[in-house]
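Colleague: Contents of start29.cif (mmCIF, C-alpha atoms):
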```cif
data_protein
loop_
_atom_site.label_atom_id
_atom_site.label_comp_id
_atom_site.auth_asym_id
_atom_site.auth_seq_id
_atom_site.Cartn_x
_atom_site.Cartn_y
_atom_site.Cartn_z
CA PRO H 1 98.43 77.63 106.59
CA ILE H 2 95.70 78.93 104.27
CA TYR H 3 95.02 81.68 106.77
CA ASN H 4 98.67 82.76 106.50
CA ALA H 5 98.23 82.96 102.74
CA SER H 6 95.12 85.12 103.24
CA LEU H 7 97.04 87.46 105.53
CA SER H 8 99.88 87.75 103.02
CA ILE H 9 97.36 88.55 100.27
CA TYR H 10 95.85 91.24 102.47
CA PHE H 11 99.31 92.71 103.12
CA LEU H 12 100.03 92.67 99.38
CA LEU H 13 96.78 94.46 98.54
CA VAL H 14 97.46 97.19 101.10
CA THR H 15 101.16 97.76 100.40
CA ARG H 16 101.57 96.94 96.70
CA CYS H 17 98.12 97.70 95.30
CA HIS H 18 97.36 100.53 97.75
CA TRP H 19 93.84 99.35 98.49
CA THR H 20 91.80 101.43 100.92
CA ASP H 21 90.15 99.94 104.01
CA ARG H 22 86.75 100.25 102.36
CA ARG H 23 87.89 98.26 99.35
CA VAL H 24 89.58 95.60 101.47
CA LYS H 25 86.41 95.11 103.51
CA LYS H 26 84.60 94.00 100.36
CA ILE H 27 86.82 90.92 100.04
CA GLU H 28 87.54 90.45 103.75
CA PRO H 29 84.78 87.83 104.15
CA TRP H 30 86.55 85.74 101.49
CA LEU H 31 89.93 86.10 103.18
CA HIS H 32 88.41 84.79 106.42
CA GLY H 33 85.80 82.48 104.94
CA ILE H 34 87.93 80.36 102.59
CA PRO H 35 90.41 79.13 105.25
CA LEU H 36 87.64 78.49 107.78
CA ALA H 37 85.41 76.77 105.23
CA TRP H 38 88.27 74.58 103.99
CA GLY H 39 89.11 73.42 107.51
CA LEU H 40 85.47 72.70 108.34
CA VAL H 41 84.66 70.89 105.09
CA THR H 42 87.80 68.71 105.15
CA ALA H 43 87.25 67.81 108.81
CA ILE H 44 83.65 66.77 108.20
CA THR H 45 84.62 64.88 105.04
CA ALA H 46 87.42 62.99 106.80
CA LEU H 47 85.07 62.07 109.63
CA SER H 48 82.32 60.91 107.30
CA LEU H 49 84.76 58.79 105.23
CA GLY H 50 86.10 57.10 108.34
CA ILE H 51 89.73 57.85 107.48
CA LEU H 52 90.71 59.30 110.86
CA GLY H 53 92.97 57.25 113.09
CA ASN H 54 96.39 56.97 114.68
CA ALA H 55 98.75 59.22 112.67
CA GLY H 56 101.78 58.45 114.81
CA THR H 57 101.94 61.82 116.55
CA TRP H 58 98.26 62.58 117.11
CA CYS H 59 94.83 61.57 115.92
CA TRP H 60 94.57 62.56 112.27
CA ILE H 61 94.18 60.97 108.84
CA ALA H 62 95.56 57.43 109.07
CA PRO H 63 98.75 56.58 107.09
CA GLU H 64 96.96 54.26 104.68
CA TYR H 65 94.96 57.21 103.35
CA GLY H 66 97.96 59.23 102.22
CA ARG H 67 96.27 60.79 99.21
CA TYR H 68 93.72 62.46 101.48
CA ARG H 69 96.54 63.90 103.57
CA PHE H 70 97.91 65.57 100.47
CA ILE H 71 94.55 66.75 99.14
CA PHE H 72 93.20 68.00 102.47
CA PHE H 73 96.33 69.42 104.06
CA TYR H 74 99.79 69.16 102.50
CA GLY H 75 98.73 70.34 99.04
CA PRO H 76 97.19 73.56 100.39
CA LEU H 77 100.09 73.89 102.86
CA TRP H 78 102.80 73.78 100.18
CA LEU H 79 100.75 76.04 97.91
CA SER H 80 100.47 78.52 100.79
CA LEU H 81 104.24 78.39 101.27
CA ILE H 82 104.76 79.24 97.60
CA VAL H 83 102.21 82.07 97.73
CA LEU H 84 103.81 83.49 100.88
CA THR H 85 107.29 83.42 99.34
CA VAL H 86 106.20 85.05 96.08
CA ILE H 87 104.30 87.79 97.91
CA CYS H 88 107.27 88.51 100.18
CA LEU H 89 109.45 88.95 97.10
CA ILE H 90 106.90 91.20 95.41
CA ILE H 91 106.62 93.39 98.51
CA PHE H 92 110.38 93.57 98.92
CA PHE H 93 111.00 94.68 95.34
CA GLU H 94 108.11 97.14 95.50
CA VAL H 95 109.48 98.73 98.66
CA PHE H 96 112.94 98.76 97.10
CA ARG H 97 111.57 100.53 94.02
CA LEU H 98 109.72 103.14 96.09
CA GLU H 99 112.68 103.79 98.34
CA LYS H 100 114.96 104.17 95.34
CA ALA H 101 112.58 106.72 93.87
CA ASN H 102 112.42 108.55 97.20
CA ALA H 103 116.19 108.49 97.42
CA ARG H 104 116.46 110.16 94.01
CA TYR H 105 114.04 112.83 95.17
CA ASP H 106 116.05 113.35 98.34
CA PHE H 107 119.21 113.63 96.25
CA GLU H 108 117.70 116.41 94.21
CA GLN H 109 116.47 118.25 97.28
CA ALA H 110 119.84 117.92 98.97
CA ARG H 111 121.59 119.14 95.84
CA LYS H 112 119.29 122.14 95.57
CA ARG H 113 119.81 123.06 99.22
CA SER H 114 123.56 122.68 98.85
CA SER H 115 123.67 124.73 95.65
CA ILE H 116 122.42 127.76 97.55
CA TYR H 117 125.71 127.91 99.40
CA LEU H 118 127.88 126.49 96.62
CA THR H 119 130.36 128.71 94.82
CA ASP H 120 132.83 127.85 92.11
CA ALA H 121 135.76 128.13 94.48
CA THR H 122 134.30 126.42 97.51
CA GLN H 123 135.37 122.79 97.79
CA SER H 124 133.98 122.40 101.29
CA SER H 125 130.46 123.11 100.09
CA SER H 126 130.85 120.46 97.41
CA ALA H 127 131.91 117.98 100.09
CA SER H 128 128.85 118.89 102.15
CA GLN H 129 126.66 118.23 99.14
CA ARG H 130 128.16 114.76 98.67
CA ASP H 131 127.66 114.03 102.37
CA ALA H 132 124.01 115.06 102.18
CA VAL H 133 123.45 112.79 99.18
CA ARG H 134 125.25 109.91 100.87
CA GLN H 135 123.17 110.34 104.04
CA ALA H 136 119.91 110.36 102.07
CA THR H 137 120.95 107.16 100.29
CA SER H 138 121.83 105.45 103.56
CA GLN H 139 118.51 106.32 105.20
CA ALA H 140 116.46 105.15 102.22
CA TYR H 141 118.12 101.77 101.91
CA LYS H 142 118.10 101.26 105.68
CA ARG H 143 114.32 101.32 105.65
CA THR H 144 114.23 98.92 102.71
CA ARG H 145 116.43 96.47 104.61
CA GLN H 146 114.18 96.68 107.68
CA VAL H 147 111.03 95.94 105.69
CA ALA H 148 112.73 93.12 103.80
CA LEU H 149 114.08 91.60 107.01
CA GLN H 150 110.69 91.52 108.71
CA SER H 151 109.00 90.11 105.60
CA PHE H 152 111.49 87.28 105.33
CA LEU H 153 111.37 86.60 109.07
CA TYR H 154 107.64 85.98 108.70
CA ALA H 155 108.28 83.64 105.79
CA GLY H 156 111.19 82.02 107.63
CA SER H 157 109.14 81.26 110.73
CA PHE H 158 106.41 79.77 108.55
CA TYR H 159 108.94 77.60 106.72
CA LEU H 160 110.55 76.51 109.97
CA ILE H 161 107.26 75.40 111.49
CA TRP H 162 105.84 73.54 108.52
CA THR H 163 109.00 72.17 106.89
CA CYS H 164 109.67 69.81 109.79
CA ILE H 165 106.21 68.27 109.80
CA SER H 166 106.26 68.06 105.99
CA LEU H 167 109.56 66.17 106.04
CA THR H 168 108.23 63.90 108.78
CA ARG H 169 105.24 62.90 106.66
CA ILE H 170 107.29 62.55 103.47
CA LEU H 171 109.78 60.24 105.18
CA GLU H 172 106.92 58.29 106.76
CA ALA H 173 105.31 57.81 103.35
CA THR H 174 108.54 56.83 101.57
CA THR H 175 110.39 54.83 104.23
CA GLY H 176 107.66 53.94 106.71
CA LYS H 177 109.85 55.27 109.54
CA PHE H 178 109.86 58.20 111.93
CA TYR H 179 113.09 60.06 112.67
CA PHE H 180 112.84 60.94 116.34
CA PRO H 181 114.72 64.31 116.41
CA LEU H 182 112.74 65.57 113.40
CA LEU H 183 109.51 64.25 114.88
CA ILE H 184 110.09 65.95 118.24
CA THR H 185 110.90 69.22 116.49
CA ALA H 186 107.76 68.99 114.37
CA ILE H 187 105.33 68.20 117.19
CA THR H 188 106.88 70.98 119.27
CA LEU H 189 106.72 73.69 116.62
CA VAL H 190 103.29 73.06 115.12
CA PRO H 191 101.21 73.74 118.28
CA ILE H 192 103.08 76.99 118.98
CA GLY H 193 103.06 78.10 115.35
CA GLY H 194 101.65 81.55 116.12
CA PHE H 195 104.29 82.46 118.69
CA PRO H 196 107.19 83.05 116.24
CA ASN H 197 104.91 85.29 114.18
CA PHE H 198 104.04 87.19 117.36
CA LEU H 199 107.73 87.74 118.07
CA VAL H 200 108.40 88.89 114.50
CA TYR H 201 105.44 91.27 114.69
CA LEU H 202 106.68 92.83 117.94
CA GLY H 203 110.32 92.84 116.83
CA PRO H 204 110.56 96.48 115.69
CA LYS H 205 108.74 97.70 118.80
CA PHE H 206 110.96 95.56 121.00
CA VAL H 207 114.14 97.01 119.49
CA GLN H 208 112.71 100.50 119.89
CA GLU H 209 112.01 99.91 123.57
CA MET H 210 115.50 98.44 124.08
CA ARG H 211 117.02 101.65 122.77
CA LYS H 212 114.63 103.78 124.77
CA TRP H 213 115.17 101.92 128.07
CA PRO H 214 118.65 100.35 127.82
CA ASN H 215 118.84 99.62 131.55
CA LYS H 216 115.54 97.78 131.77
CA GLY H 217 115.15 94.02 131.54
CA CYS H 218 113.67 91.82 128.85
CA ILE H 219 110.28 91.59 130.60
CA LYS H 220 110.03 95.38 130.77
CA TRP H 221 110.90 95.68 127.07
CA MET H 222 108.28 93.08 126.15
CA LYS H 223 105.57 94.75 128.26
CA GLU H 224 106.32 98.16 126.78
CA SER H 225 106.36 96.70 123.26
CA VAL H 226 102.89 95.19 123.69
CA ALA H 227 101.56 98.38 125.33
CA SER H 228 103.02 100.55 122.58
CA ASN H 229 101.50 98.35 119.91
CA TYR H 230 98.10 98.52 121.65
CA ASP H 231 98.30 102.32 121.82
CA ASP H 232 98.83 102.46 118.06
CA TYR H 233 95.34 101.03 117.56
CA GLU H 234 93.66 103.28 120.08
#
```
Could you render the structure as C-alpha coordinates?

Modeller:
Amino acid sequence: PIYNASLSIYFLLVTRCHWTDRRVKKIEPWLHGIPLAWGLVTAITALSLGILGNAGTWCWIAPEYGRYRFIFFYGPLWLSLIVLTVICLIIFFEVFRLEKANARYDFEQARKRSSIYLTDATQSSSASQRDAVRQATSQAYKRTRQVALQSFLYAGSFYLIWTCISLTRILEATTGKFYFPLLITAITLVPIGGFPNFLVYLGPKFVQEMRKWPNKGCIKWMKESVASNYDDYE
(Lines of atoms letter the chains of each structure in order from A and count residues from 1; the text may use other names and numbers.)
(Lines give C-alpha, C1' and ligand atoms only; values in the text may rest on other atoms or scores of the structure.)
Protein backbone atom coordinates (compact mmCIF):
# COMPACT_ATOMS: atom_id res chain seq x y z
CA PRO A 1 0.00 0.00 0.00
CA ILE A 2 2.79 2.47 0.77
CA TYR A 3 4.25 1.74 -2.65
CA ASN A 4 0.94 2.77 -4.22
CA ALA A 5 1.16 6.04 -2.31
CA SER A 6 4.70 6.54 -3.64
CA LEU A 7 3.53 5.95 -7.20
CA SER A 8 0.67 8.42 -6.77
CA ILE A 9 3.12 11.01 -5.41
CA TYR A 10 5.35 10.45 -8.44
CA PHE A 11 2.37 10.90 -10.76
CA LEU A 12 1.41 14.10 -8.94
CA LEU A 13 4.93 15.54 -9.24
CA VAL A 14 5.06 14.83 -12.96
CA THR A 15 1.55 15.97 -13.92
CA ARG A 16 0.72 18.71 -11.40
CA CYS A 17 4.16 20.07 -10.50
CA HIS A 18 5.70 19.42 -13.94
CA TRP A 19 8.90 17.94 -12.55
CA THR A 20 11.52 16.83 -15.06
CA ASP A 21 12.97 13.31 -15.08
CA ARG A 22 16.24 14.65 -13.69
CA ARG A 23 14.48 16.25 -10.74
CA VAL A 24 12.37 13.17 -10.06
CA LYS A 25 15.47 10.97 -10.00
CA LYS A 26 16.77 12.95 -7.03
CA ILE A 27 13.89 11.76 -4.84
CA GLU A 28 13.33 8.40 -6.55
CA PRO A 29 15.43 6.51 -3.98
CA TRP A 30 13.07 7.79 -1.28
CA LEU A 31 9.97 6.77 -3.23
CA HIS A 32 11.36 3.23 -3.50
CA GLY A 33 13.27 3.11 -0.23
CA ILE A 34 10.57 4.14 2.25
CA PRO A 35 8.05 1.39 1.30
CA LEU A 36 10.76 -1.27 1.13
CA ALA A 37 12.36 -0.16 4.39
CA TRP A 38 9.00 -0.06 6.19
CA GLY A 39 8.16 -3.60 5.10
CA LEU A 40 11.58 -4.92 6.09
CA VAL A 41 11.73 -3.16 9.46
CA THR A 42 8.19 -4.14 10.50
CA ALA A 43 8.76 -7.76 9.45
CA ILE A 44 11.98 -8.02 11.45
CA THR A 45 10.40 -6.26 14.43
CA ALA A 46 7.36 -8.56 14.43
CA LEU A 47 9.62 -11.60 14.23
CA SER A 48 11.87 -10.41 17.04
CA LEU A 49 8.88 -9.60 19.30
CA GLY A 50 7.40 -13.04 18.75
CA ILE A 51 3.99 -11.68 17.76
CA LEU A 52 3.59 -13.72 14.58
CA GLY A 53 1.07 -16.54 14.59
CA ASN A 54 -2.21 -17.81 13.19
CA ALA A 55 -4.12 -14.78 11.86
CA GLY A 56 -7.10 -16.79 10.68
CA THR A 57 -6.37 -16.50 6.97
CA TRP A 58 -2.59 -16.82 6.89
CA CYS A 59 0.44 -16.57 9.13
CA TRP A 60 0.68 -12.97 10.29
CA ILE A 61 0.47 -10.90 13.47
CA ALA A 62 -1.67 -12.86 15.94
CA PRO A 63 -5.09 -11.41 16.95
CA GLU A 64 -4.04 -10.70 20.53
CA TYR A 65 -1.51 -8.15 19.26
CA GLY A 66 -4.03 -5.94 17.50
CA ARG A 67 -2.23 -2.68 18.18
CA TYR A 68 0.78 -3.91 16.21
CA ARG A 69 -1.50 -4.74 13.28
CA PHE A 70 -2.65 -1.14 13.22
CA ILE A 71 0.80 0.38 13.72
CA PHE A 72 2.61 -1.88 11.26
CA PHE A 73 0.00 -2.28 8.54
CA TYR A 74 -3.52 -0.86 8.78
CA GLY A 75 -2.45 2.62 9.87
CA PRO A 76 -0.12 3.05 6.87
CA LEU A 77 -2.71 1.32 4.64
CA TRP A 78 -5.54 3.72 5.52
CA LEU A 79 -3.18 6.70 5.31
CA SER A 80 -2.15 5.53 1.83
CA LEU A 81 -5.81 5.30 0.84
CA ILE A 82 -6.37 8.90 1.93
CA VAL A 83 -3.23 10.10 0.13
CA LEU A 84 -4.26 8.27 -3.05
CA THR A 85 -7.76 9.77 -2.98
CA VAL A 86 -6.53 13.32 -2.37
CA ILE A 87 -3.94 13.07 -5.15
CA CYS A 88 -6.52 11.72 -7.60
CA LEU A 89 -8.74 14.71 -6.85
CA ILE A 90 -5.86 17.16 -7.23
CA ILE A 91 -4.88 15.65 -10.59
CA PHE A 92 -8.46 15.64 -11.81
CA PHE A 93 -9.05 19.31 -10.99
CA GLU A 94 -5.66 20.27 -12.43
CA VAL A 95 -6.43 18.50 -15.70
CA PHE A 96 -9.88 20.07 -15.70
CA ARG A 97 -8.35 23.52 -15.23
CA LEU A 98 -5.82 23.01 -18.03
CA GLU A 99 -8.40 21.63 -20.42
CA LYS A 100 -10.72 24.53 -19.68
CA ALA A 101 -7.92 26.96 -20.47
CA ASN A 102 -7.13 25.07 -23.67
CA ALA A 103 -10.79 25.11 -24.60
CA ARG A 104 -10.90 28.89 -24.24
CA TYR A 105 -7.86 29.14 -26.49
CA ASP A 106 -9.49 26.85 -29.04
CA PHE A 107 -12.63 28.98 -28.90
CA GLU A 108 -10.66 32.08 -29.76
CA GLN A 109 -8.84 30.35 -32.60
CA ALA A 110 -12.09 28.96 -33.99
CA ARG A 111 -13.70 32.37 -33.75
CA LYS A 112 -10.80 34.02 -35.55
CA ARG A 113 -10.86 31.44 -38.33
CA SER A 114 -14.61 31.79 -38.68
CA SER A 115 -14.46 35.59 -38.71
CA ILE A 116 -12.43 35.48 -41.91
CA TYR A 117 -15.47 34.21 -43.75
CA LEU A 118 -18.09 35.97 -41.63
CA THR A 119 -20.10 38.83 -43.08
CA ASP A 120 -22.87 40.84 -41.52
CA ALA A 121 -25.50 39.17 -43.65
CA THR A 122 -24.28 35.60 -43.51
CA GLN A 123 -26.13 33.54 -40.92
CA SER A 124 -24.64 30.27 -42.11
CA SER A 125 -21.13 31.42 -41.26
CA SER A 126 -22.29 32.34 -37.77
CA ALA A 127 -23.72 28.84 -37.38
CA SER A 128 -20.40 27.36 -38.51
CA GLN A 129 -18.63 29.43 -35.89
CA ARG A 130 -20.90 28.11 -33.14
CA ASP A 131 -20.35 24.55 -34.36
CA ALA A 132 -16.58 25.01 -34.27
CA VAL A 133 -16.75 26.33 -30.71
CA ARG A 134 -19.05 23.51 -29.64
CA GLN A 135 -16.72 20.91 -31.17
CA ALA A 136 -13.67 22.38 -29.41
CA THR A 137 -15.53 22.28 -26.10
CA SER A 138 -16.57 18.67 -26.60
CA GLN A 139 -13.04 17.51 -27.42
CA ALA A 140 -11.51 19.29 -24.43
CA TYR A 141 -13.92 17.90 -21.87
CA LYS A 142 -13.77 14.43 -23.42
CA ARG A 143 -10.08 14.23 -22.59
CA THR A 144 -10.73 15.47 -19.07
CA ARG A 145 -13.30 12.72 -18.55
CA GLN A 146 -10.87 10.08 -19.81
CA VAL A 147 -8.11 11.17 -17.44
CA ALA A 148 -10.53 11.42 -14.53
CA LEU A 149 -11.98 7.98 -15.27
CA GLN A 150 -8.59 6.27 -15.32
CA SER A 151 -7.47 8.06 -12.15
CA PHE A 152 -10.56 6.98 -10.25
CA LEU A 153 -10.36 3.44 -11.62
CA TYR A 154 -6.89 3.18 -10.07
CA ALA A 155 -8.25 4.48 -6.77
CA GLY A 156 -11.32 2.25 -7.07
CA SER A 157 -9.31 -0.92 -7.59
CA PHE A 158 -7.14 -0.02 -4.61
CA TYR A 159 -10.20 0.57 -2.44
CA LEU A 160 -11.81 -2.66 -3.62
CA ILE A 161 -8.76 -4.75 -2.75
CA TRP A 162 -8.01 -3.29 0.65
CA THR A 163 -11.49 -2.42 1.91
CA CYS A 164 -12.50 -6.07 2.17
CA ILE A 165 -9.48 -7.11 4.22
CA SER A 166 -9.83 -3.98 6.39
CA LEU A 167 -13.47 -4.79 7.15
CA THR A 168 -12.52 -8.39 7.89
CA ARG A 169 -9.98 -7.32 10.50
CA ILE A 170 -12.25 -4.65 12.00
CA LEU A 171 -15.09 -7.15 12.42
CA GLU A 172 -12.65 -9.70 13.85
CA ALA A 173 -11.42 -7.16 16.40
CA THR A 174 -14.90 -5.94 17.39
CA THR A 175 -16.98 -9.13 17.22
CA GLY A 176 -14.37 -11.88 17.28
CA LYS A 177 -16.01 -13.45 14.21
CA PHE A 178 -15.20 -13.95 10.54
CA TYR A 179 -17.85 -13.39 7.89
CA PHE A 180 -17.17 -16.06 5.32
CA PRO A 181 -18.23 -14.24 2.08
CA LEU A 182 -16.21 -11.15 3.07
CA LEU A 183 -13.28 -13.31 4.12
CA ILE A 184 -13.24 -15.24 0.83
CA THR A 185 -13.39 -11.99 -1.13
CA ALA A 186 -10.53 -10.52 0.89
CA ILE A 187 -8.16 -13.49 0.62
CA THR A 188 -8.90 -13.70 -3.11
CA LEU A 189 -8.30 -10.04 -3.91
CA VAL A 190 -5.21 -9.32 -1.82
CA PRO A 191 -2.83 -11.79 -3.55
CA ILE A 192 -3.86 -10.55 -7.02
CA GLY A 193 -3.82 -6.89 -6.03
CA GLY A 194 -1.61 -5.83 -8.93
CA PHE A 195 -3.80 -7.37 -11.64
CA PRO A 196 -6.64 -4.79 -11.50
CA ASN A 197 -4.04 -2.02 -11.74
CA PHE A 198 -2.56 -3.78 -14.76
CA LEU A 199 -5.97 -3.85 -16.43
CA VAL A 200 -6.59 -0.18 -15.67
CA TYR A 201 -3.16 0.71 -17.04
CA LEU A 202 -3.79 -1.15 -20.30
CA GLY A 203 -7.40 0.04 -20.56
CA PRO A 204 -6.88 2.93 -23.01
CA LYS A 205 -4.63 0.81 -25.22
CA PHE A 206 -7.13 -2.04 -25.12
CA VAL A 207 -9.98 0.21 -26.25
CA GLN A 208 -7.77 1.60 -29.00
CA GLU A 209 -6.99 -1.88 -30.28
CA MET A 210 -10.68 -2.85 -30.14
CA ARG A 211 -11.51 0.04 -32.44
CA LYS A 212 -8.57 -0.70 -34.69
CA TRP A 213 -9.31 -4.44 -35.00
CA PRO A 214 -13.06 -4.82 -34.38
CA ASN A 215 -13.17 -8.37 -35.78
CA LYS A 216 -10.36 -9.73 -33.62
CA GLY A 217 -10.86 -11.53 -30.33
CA CYS A 218 -10.10 -10.49 -26.78
CA ILE A 219 -6.75 -12.32 -26.73
CA LYS A 220 -5.62 -10.50 -29.87
CA TRP A 221 -6.64 -7.14 -28.38
CA MET A 222 -4.76 -7.89 -25.17
CA LYS A 223 -1.60 -8.99 -27.02
CA GLU A 224 -1.65 -5.90 -29.22
CA SER A 225 -2.25 -3.67 -26.19
CA VAL A 226 0.80 -5.06 -24.39
CA ALA A 227 2.93 -4.87 -27.55
CA SER A 228 1.83 -1.30 -28.23
CA ASN A 229 2.63 -0.27 -24.68
CA TYR A 230 6.08 -1.90 -24.95
CA ASP A 231 6.76 -0.04 -28.21
CA ASP A 232 6.04 3.27 -26.48
CA TYR A 233 9.07 2.71 -24.25
CA GLU A 234 11.38 1.64 -27.02

Colleague: If you count only C-alpha atoms, which residues fall within 7 Å of range 193-202 of chain H, apart from same-chain ones fewer than 6 positions away, as a list of chain:residue names?

Modeller: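 Using only C-alpha atoms, the neighbours found are H:Gln150, H:Leu153, H:Tyr154, H:Ser157, H:Ile161, H:Ser225.
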
Colleague: Which residue is closest to Leu13 in chain H? Choose from H:Ile61, H:Thr45, H:Ile87, H:Gly66 and count all atoms listed in the file.

Modeller: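 Using all atoms listed in the file, the shortest distance to Leu13 in chain H belongs to H:Ile87.
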
Colleague: In Å, rounded to a single decimal, give me how far CA of Phe152 in chain H is from CA of Asp21 in chain H.

Modeller: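 Between CA of Asp21 in chain H and CA of Phe152 in chain H the gap works out to 24.8 Å.
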
Colleague: For CA of Leu182 in chain H and CA of Trp162 in chain H, quote the distance in Å rounded to one decimal.

Modeller: 11.6 Å

Colleague: For Arg69 in chain H, which residue among H:Ile82, H:Ala173, H:Ile44, H:Cys17 is the nearest when counting all atoms listed in the file?

Modeller: H:Ala173

Colleague: Measuring atom to atom with only C-alpha atoms, identify which of H:Thr85, H:Thr168, H:Asn102, H:Thr163 is nearest to Ala55 in chain H.

Modeller: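 Answer, going by the shortest atom-to-atom distance: H:Thr168.
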
Colleague: Which residue, H:Gly56, H:Pro63, H:Gly33, H:Gly50, has the smallest gap to Tyr179 in chain H when you use only C-alpha atoms?

Modeller: H:Gly56

Colleague: Enumerate, as a PDB file with C-alpha atoms, in the coordinates of the input, the residues matched when the PyMOL selection byres ((chain H and resi 78) around 10) is run on the file above.

Modeller:
```pdb
ATOM      1  CA  PRO H   1      98.430  77.630 106.590  1.00  0.00           C
ATOM      2  CA  ILE H   2      95.700  78.930 104.270  1.00  0.00           C
ATOM      3  CA  PHE H  70      97.910  65.570 100.470  1.00  0.00           C
ATOM      4  CA  PHE H  73      96.330  69.420 104.060  1.00  0.00           C
ATOM      5  CA  TYR H  74      99.790  69.160 102.500  1.00  0.00           C
ATOM      6  CA  GLY H  75      98.730  70.340  99.040  1.00  0.00           C
ATOM      7  CA  PRO H  76      97.190  73.560 100.390  1.00  0.00           C
ATOM      8  CA  LEU H  77     100.090  73.890 102.860  1.00  0.00           C
ATOM      9  CA  LEU H  79     100.750  76.040  97.910  1.00  0.00           C
ATOM     10  CA  SER H  80     100.470  78.520 100.790  1.00  0.00           C
ATOM     11  CA  LEU H  81     104.240  78.390 101.270  1.00  0.00           C
ATOM     12  CA  ILE H  82     104.760  79.240  97.600  1.00  0.00           C
ATOM     13  CA  VAL H  83     102.210  82.070  97.730  1.00  0.00           C
ATOM     14  CA  LEU H  84     103.810  83.490 100.880  1.00  0.00           C
ATOM     15  CA  TYR H 159     108.940  77.600 106.720  1.00  0.00           C
ATOM     16  CA  TRP H 162     105.840  73.540 108.520  1.00  0.00           C
ATOM     17  CA  THR H 163     109.000  72.170 106.890  1.00  0.00           C
ATOM     18  CA  SER H 166     106.260  68.060 105.990  1.00  0.00           C
TER      19      SER H 166
END
```

Colleague: Do you have the CA of Arg97 in chain H-CA of Thr15 in chain H distance handy?

Modeller: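 Separation between CA of Arg97 in chain H and CA of Thr15 in chain H: 12.5 Å.
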